Amino acid sequence: GCPSPKPAPPPAENDQAAQTELVDALQDRKTEIYKEMVASGRSGPRPGILELVDEGLAREGLRTAICSASTKDAVLEVLNSVLGAERLARFDLLLLGDDVSRKKPDPLIYAVASQRLGVPPEACVVVEDSKIGLDAALGAGMYCYITYTDSTRSQDFAGAKGVVADATQLSLEGMLG
């Protein structure tokens, strides 16, 4: 067989630009793999997500948004495949990584969403799956519920309004009180 290319060494701890570049490249690759999995039918929405989304979209007067740190190129195909184009079109706002200058855990994406939706941060409820997302939501002054994944299960979710294994354990009524 052909020799495998030798992986590049990790960036030095004090080289912030190189670390950011590496994280971005890894995130892009992860997204490409996930897009392939969704397109092939090997992956789909997490349990309860579509039901929760449908409940939110059907509620009169409720403003809805998707805020993802992923870029448009990376996420639109996945969202269309997982949610369907009709469901996706019913959201009031789609705010993605290339729409803001700073990524989560910075709260900017949620602050911008709050402003564009015309909803004060303290009236917003976020569903996230990681500590980074939780920190962004809390930093924006919003309530946050966590539906952890296998890879985020052990993270510290202090400050979350609730922590559950999946969205089947959440209800709009319970989250909005």
# chains A, B, ... in the order shown; residues from 1 in each chain; ligands from 1

call {"tool": "residues_around", "arguments": {"residues": "stretch 118-123 of chain A", "least_positions_apart": "5", "cutoff": "7 Å", "atoms": "only C-alpha atoms", "output": "VMD selection string"}}
result
chain A and resid 140 to 142

call {"tool": "select_by_dssp", "arguments": {"residues": "stretch 15-140 of chain A", "states": "alpha helix (DSSP H)", "output": "ChimeraX atom specification"}}
result
/A:16-40,49-58,72-83,85-89,108-117,131-139

call {"tool": "closest_residue", "arguments": {"among": "A:Ile49, A:Cys67, A:Val78, A:Leu94", "to": "A:Glu32", "atoms": "only C-alpha atoms"}}
result
A:Val78

call {"tool": "atom_distance", "arguments": {"atom1": "atom CA of A:Ile146", "atom2": "atom CA of A:Asp106"}}
result
17.3 Å

call {"tool": "residues_around", "arguments": {"residues": "A:Leu50", "least_positions_apart": "3", "cutoff": "9 Å", "atoms": "only C-alpha atoms", "output": "JSON, numbers by chain"}}
result
{"A": [45, 46, 47, 53, 54, 55, 82, 83, 167]}

call {"tool": "select_by_dssp", "arguments": {"residues": "stretch 85-166 of chain A", "states": "strand (DSSP E)", "output": "list in words"}}
result
Leu93, Leu94, Leu95, Leu96, Val125, Val126, Val127, Glu128, Tyr143, Cys144, Tyr145, Ile146, Thr147, Gly162, Val163 and Val164 of chain A

call {"tool": "closest_residue", "arguments": {"among": "A:Ser171, A:Thr71, A:Ser81, A:Thr64", "to": "A:Gly41", "atoms": "only C-alpha atoms"}}
result
A:Ser81

call {"tool": "residues_around", "arguments": {"residues": "A:Asp150", "least_positions_apart": "4", "cutoff": "12 Å", "atoms": "only C-alpha atoms", "output": "count of residues only"}}
result
8

call {"tool": "atom_distance", "arguments": {"atom1": "atom CA of A:Thr147", "atom2": "atom CA of A:Val127"}}
result
7.1 Å

call {"tool": "residues_around", "arguments": {"residues": "stretch 12-27 of chain A", "least_positions_apart": "4", "cutoff": "10 Å", "atoms": "only C-alpha atoms", "output": "ChimeraX atom specification"}}
result
/A:31-33,69-70,74

call {"tool": "write_last_selection", "arguments": {"atoms": "C-alpha atoms", "output": "PDB file, in the first residue's frame"}}
result
ATOM      1  CA  THR A  31     -19.144  18.564   9.830  1.00  0.00           C
ATOM      2  CA  GLU A  32     -18.237  16.949   6.490  1.00  0.00           C
ATOM      3  CA  ILE A  33     -18.367  13.486   8.082  1.00  0.00           C
ATOM      4  CA  ALA A  69     -21.553  28.161  15.203  1.00  0.00           C
ATOM      5  CA  SER A  70     -21.228  26.166  11.969  1.00  0.00           C
ATOM      6  CA  ALA A  74     -21.550  23.318   6.602  1.00  0.00           C
TER       7      ALA A  74
END
